[in-house]
Structure formats: C-alpha cells, structure tokens
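Shown next: query-v5.txt, given as compact mmCIF, C-alpha atoms.
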```txt
# COMPACT_ATOMS: atom_id res chain seq x y z
CA MET W 1 79.47 136.74 113.30
CA SER W 2 79.33 135.16 109.86
CA GLU W 3 76.01 133.63 108.81
CA VAL W 4 77.74 130.38 107.79
CA PRO W 5 81.11 129.53 109.35
CA ASP W 6 83.91 128.84 106.85
CA SER W 7 84.21 125.18 107.88
CA ILE W 8 80.52 124.60 107.25
CA ALA W 9 80.52 126.53 103.96
CA ALA W 10 83.41 124.33 102.78
CA PHE W 11 81.56 121.17 103.84
CA LEU W 12 78.38 122.28 102.03
CA ARG W 13 80.35 122.94 98.83
CA SER W 14 80.94 119.17 98.71
CA ARG W 15 78.49 117.44 96.38
CA ARG W 16 78.96 113.75 97.34
CA ILE W 17 78.16 113.21 100.99
CA ALA W 18 77.43 110.15 103.12
CA VAL W 19 75.16 110.19 106.15
CA ALA W 20 76.01 107.57 108.76
CA GLY W 21 73.30 106.58 111.19
CA VAL W 22 70.21 106.51 108.98
CA SER W 23 67.38 104.25 110.11
CA ARG W 24 64.89 102.07 108.25
CA ARG W 25 62.18 103.65 110.41
CA GLY W 26 63.16 107.14 109.25
CA ASP W 27 62.54 108.77 112.63
CA VAL W 28 66.10 109.79 113.54
CA ALA W 29 68.15 112.93 112.93
CA ALA W 30 70.29 111.18 110.31
CA ASN W 31 67.25 110.58 108.12
CA ALA W 32 66.24 114.24 108.34
CA VAL W 33 69.78 115.21 107.26
CA PHE W 34 69.67 112.63 104.45
CA ARG W 35 66.33 113.98 103.15
CA LYS W 36 67.43 117.63 103.40
CA LEU W 37 70.67 117.06 101.49
CA ARG W 38 68.83 115.08 98.79
CA SER W 39 66.22 117.83 98.44
CA CYS W 40 69.08 120.31 97.96
CA ARG W 41 70.43 118.19 95.09
CA TYR W 42 73.43 116.66 96.81
CA GLU W 43 74.41 113.13 95.89
CA VAL W 44 73.83 111.49 99.26
CA PHE W 45 74.63 107.96 100.41
CA PRO W 46 72.92 106.43 103.46
CA VAL W 47 75.11 104.31 105.74
CA ASN W 48 73.77 101.70 108.16
CA PRO W 49 75.33 98.22 108.61
CA ASN W 50 71.88 96.74 109.30
CA ALA W 51 69.91 98.04 106.31
CA ALA W 52 70.04 97.22 102.60
CA GLU W 53 67.77 100.13 101.70
CA VAL W 54 66.69 103.36 103.38
CA GLU W 55 63.98 105.65 102.05
CA GLY W 56 63.99 103.84 98.72
CA VAL W 57 67.75 104.24 98.25
CA ARG W 58 70.45 101.57 98.44
CA CYS W 59 72.10 101.71 101.84
CA TYR W 60 75.76 100.90 102.46
CA PRO W 61 77.10 98.98 105.47
CA ASP W 62 80.10 101.27 106.01
CA ILE W 63 81.99 104.23 104.58
CA VAL W 64 84.62 102.05 102.91
CA SER W 65 82.04 100.31 100.68
CA LEU W 66 80.68 103.52 99.10
CA PRO W 67 81.33 103.95 95.36
CA GLY W 68 83.48 106.72 93.88
CA GLU W 69 84.86 109.83 95.50
CA LEU W 70 83.33 110.88 98.79
CA GLN W 71 83.82 114.49 99.83
CA GLY W 72 82.17 114.55 103.25
CA VAL W 73 80.46 112.46 105.89
CA VAL W 74 77.81 113.52 108.37
CA ILE W 75 78.06 111.25 111.41
CA ALA W 76 74.72 111.05 113.21
CA THR W 77 75.24 107.87 115.21
CA HIS W 78 75.70 107.02 118.85
CA PRO W 79 78.98 108.62 120.00
CA SER W 80 80.40 105.18 120.85
CA VAL W 81 80.77 104.37 117.13
CA SER W 82 81.78 107.83 115.83
CA ALA W 83 85.53 107.19 116.09
CA SER W 84 85.19 103.98 114.11
CA ILE W 85 83.40 105.86 111.33
CA VAL W 86 86.10 108.55 111.38
CA ARG W 87 88.73 105.81 110.90
CA GLN W 88 86.74 104.52 107.91
CA CYS W 89 86.80 108.05 106.48
CA GLY W 90 90.57 108.07 106.93
CA GLU W 91 90.83 104.73 105.15
CA ARG W 92 88.91 106.17 102.18
CA GLY W 93 90.72 109.48 102.16
CA THR W 94 87.57 111.45 102.93
CA GLY W 95 88.75 114.80 104.26
CA ARG W 96 85.65 116.25 105.94
CA VAL W 97 83.50 114.98 108.79
CA TRP W 98 80.58 116.60 110.55
CA LEU W 99 79.81 115.23 114.03
CA HIS W 100 76.09 115.88 114.45
CA ARG W 101 74.87 117.35 117.73
CA SER W 102 72.03 119.59 118.77
CA PHE W 103 71.05 118.89 122.39
CA GLY W 104 72.83 116.23 124.42
CA ALA W 105 76.02 114.51 123.24
CA GLY W 106 74.79 113.77 119.72
CA SER W 107 77.55 111.95 117.85
CA VAL W 108 80.39 113.88 119.42
CA SER W 109 83.08 111.97 121.29
CA ASN W 110 86.56 113.02 122.33
CA GLU W 111 87.91 109.89 120.62
CA ALA W 112 86.26 110.83 117.29
CA ILE W 113 87.65 114.37 117.49
CA SER W 114 91.12 113.02 118.30
CA GLU W 115 90.93 110.58 115.39
CA CYS W 116 90.03 113.44 113.02
CA GLU W 117 93.07 115.37 114.23
CA ARG W 118 95.34 112.32 113.95
CA LEU W 119 94.13 111.55 110.42
CA GLY W 120 94.14 115.16 109.17
CA ILE W 121 90.37 115.20 108.65
CA GLU W 122 88.57 118.54 108.90
CA CYS W 123 86.02 118.11 111.68
CA ILE W 124 82.89 120.13 112.35
CA VAL W 125 81.82 119.55 115.94
CA GLY W 126 78.15 120.15 116.61
CA GLY W 127 75.08 121.37 114.81
CA CYS W 128 73.79 119.79 111.64
CA PRO W 129 73.26 120.67 107.98
CA LEU W 130 69.60 121.53 108.65
CA MET W 131 70.85 124.57 110.58
CA PHE W 132 72.86 125.88 107.62
CA CYS W 133 71.73 124.34 104.30
CA ALA W 134 69.38 126.86 102.65
CA PRO W 135 66.54 127.20 102.91
CA VAL W 136 66.71 126.86 106.70
CA ASP W 137 63.38 126.55 108.49
CA LEU W 138 62.57 128.78 111.44
CA ALA W 139 63.03 126.04 114.05
CA HIS W 140 66.57 125.24 112.84
CA ARG W 141 67.51 128.94 112.57
CA CYS W 142 66.43 129.39 116.21
CA MET W 143 68.32 126.25 117.31
CA ARG W 144 71.44 127.44 115.48
CA TRP W 145 71.23 130.87 117.14
CA TRP W 146 70.72 129.37 120.62
CA LEU W 147 73.34 126.63 120.31
CA GLN W 148 75.97 128.95 118.81
CA ARG W 149 75.69 131.19 121.83
CA ARG W 150 76.33 128.18 124.05
CA GLY W 151 79.38 127.04 122.07
CA ARG W 152 77.73 123.83 120.84
CA VAL W 153 77.64 124.81 117.15
CA PRO W 154 80.48 126.38 115.13
CA VAL W 155 80.35 130.17 114.72
```
Produce structure tokens that represent the structure in this file.
Amino acid sequence: MSEVPDSIAAFLRSRRIAVAGVSRRGDVAANAVFRKLRSCRYEVFPVNPNAAEVEGVRCYPDIVSLPGELQGVVIATHPSVSASIVRQCGERGTGRVWLHRSFGAGSVSNEAISECERLGIECIVGGCPLMFCAPVDLAHRCMRWWLQRRGRVPV
C-alpha cells in the first residue's frame, strides 16, 4: 500500500486551495485543515457564506467569488450542502474536490459524488489533508491507518 494515494498526492501538489466550511469560532475540522494547509505554505482561501473574516483572513461567501485560479477545494461542511459546493467548483472549472470525512458521514453525500462524476471533477472521498500533508502528527497517522482499513479513506 502506497503511503500517499495518487489522488491525494495530486491534490496536495495544488498550491491554491479553498476550504469550505470554516467557522468564525475556529473549532471545526475545516479550520484545522485551513490552518494546516497555511502552515505548509499553501495559498488557502476560507469559504463561509456567513463570515467576512476567519482567523484573520478574508473569507469568501462561495467558491465562485474566489479570486484567480483555484486548483482544489476541501469540502468540510454538512453533507446536505456538499453537492451545491461541487456545482460551484464546476462553474469555476476547479478540477479537484476532497470530501472530508473521518468518523460519521463528514461531508460525503451520494449527490456530491454524483455531481463530481457528472462534472468531470476528481473527487477524493474521505479522510482529510491532516492525515497526509507532512508532517503528519501521530493521531492523524493512526486515524489514517484505521480508516483506510475500513474503506473510509483512500488507499
């Protein structure tokens, strides 16, 4: 088994990534992903329709309003809005989406996966960048190992 699946390696080669689902409170998975990608020197854009700023950075209401080229989007929202965000990615021409999930449903929905297929968007289903973006902490390495064996994270 490869340490980093090809789909995830390709996603992490992107340098301009949006994270949908960030919170002003900062206590959700999307904020952890946002902070990790920033600390790894990605150009990261927070997306939340109800926030003008998140963690001291301008926040965007949707994927369509982001400036410049966007190479990937991590969707860490309620699954009921994931498909809508995927359609926004299609509108922008963003070719890679990562549907965040560790335990529970996460952001994964059958509708979002179907929309990715329909729009020709590469879709990573499950896991999160914290499980693969070096350096990976022990807790996320263990979660990756466990969840991969249960088919909930790409291998």
Next item on the list: Have a look at W:Leu12, W:Val155, W:Val57, W:Val47 and name the one nearest to W:Gly126; count all atoms listed in the file.
Entry: W:Val155
Checklist line | Pick from W:Gly104, W:Arg96, W:Gly72, W:Ser80, whichever lies nearest to W:Glu117 using only C-alpha atoms | finding: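 Residue with the minimum atom-to-atom distance to W:Glu117: W:Arg96.
With distances restricted to only C-alpha atoms, W:Arg25 is the closest residue to W:Asn48 from W:Arg25, W:Arg87, W:Arg16, W:Arg35.
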Note to self: Rounded to one decimal, what separation in Å do you get between atom CA of W:Glu69 and atom CA of W:Val4?
What the structure shows: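 Pair atom CA of W:Glu69 / atom CA of W:Val4 returns 25.0 Å.
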Check: Mind pulling up the distance from atom CA of W:His100 to atom CA of W:Arg144?
Finding: 12.5 Å
Notebook entry, point to check: Do you know which residues are at most 8 Å from stretch 133-136 of chain W counting all atoms listed in the file, after dropping those on the same chain fewer than 3 positions away, and could you put them as a ChimeraX atom specification?
Noted result: /W:12,37,40,129-130,140-141
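For the residues W:Asn110, W:Ser39, W:Phe103, W:Gly120, ranking by smallest atom-to-atom distance to W:Met143 using all atoms listed in the file places W:Phe103 first.
Proximity to W:Leu119 was assessed for W:Asn50, W:Thr94, W:Ser23, W:Ser65 counting only C-alpha atoms; the smallest distance is recorded for W:Thr94.
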Margin query: Between W:Val73, W:Leu66, W:Ala29, W:Ala51, which residue has the minimum interatomic distance to W:Gly106, considering all atoms listed in the file?
Written below: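 That would be W:Ala29, the residue with the smallest distance to W:Gly106.
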Next item on the list: Would you mind reading off the distance between atom CA of W:Ala139 and atom CA of W:Arg13, one decimal, in Å?
Entry: 23.3 Å
Next item on the list: Just the residues within 12 Å of stretch 58-63 of chain W, please, counting all atoms listed in the file, with nothing from its chain fewer than 6 positions along; format it as a ChimeraX atom specification.
Entry: /W:17-24,31,34,44-52,69-75,81-82,84-94,97
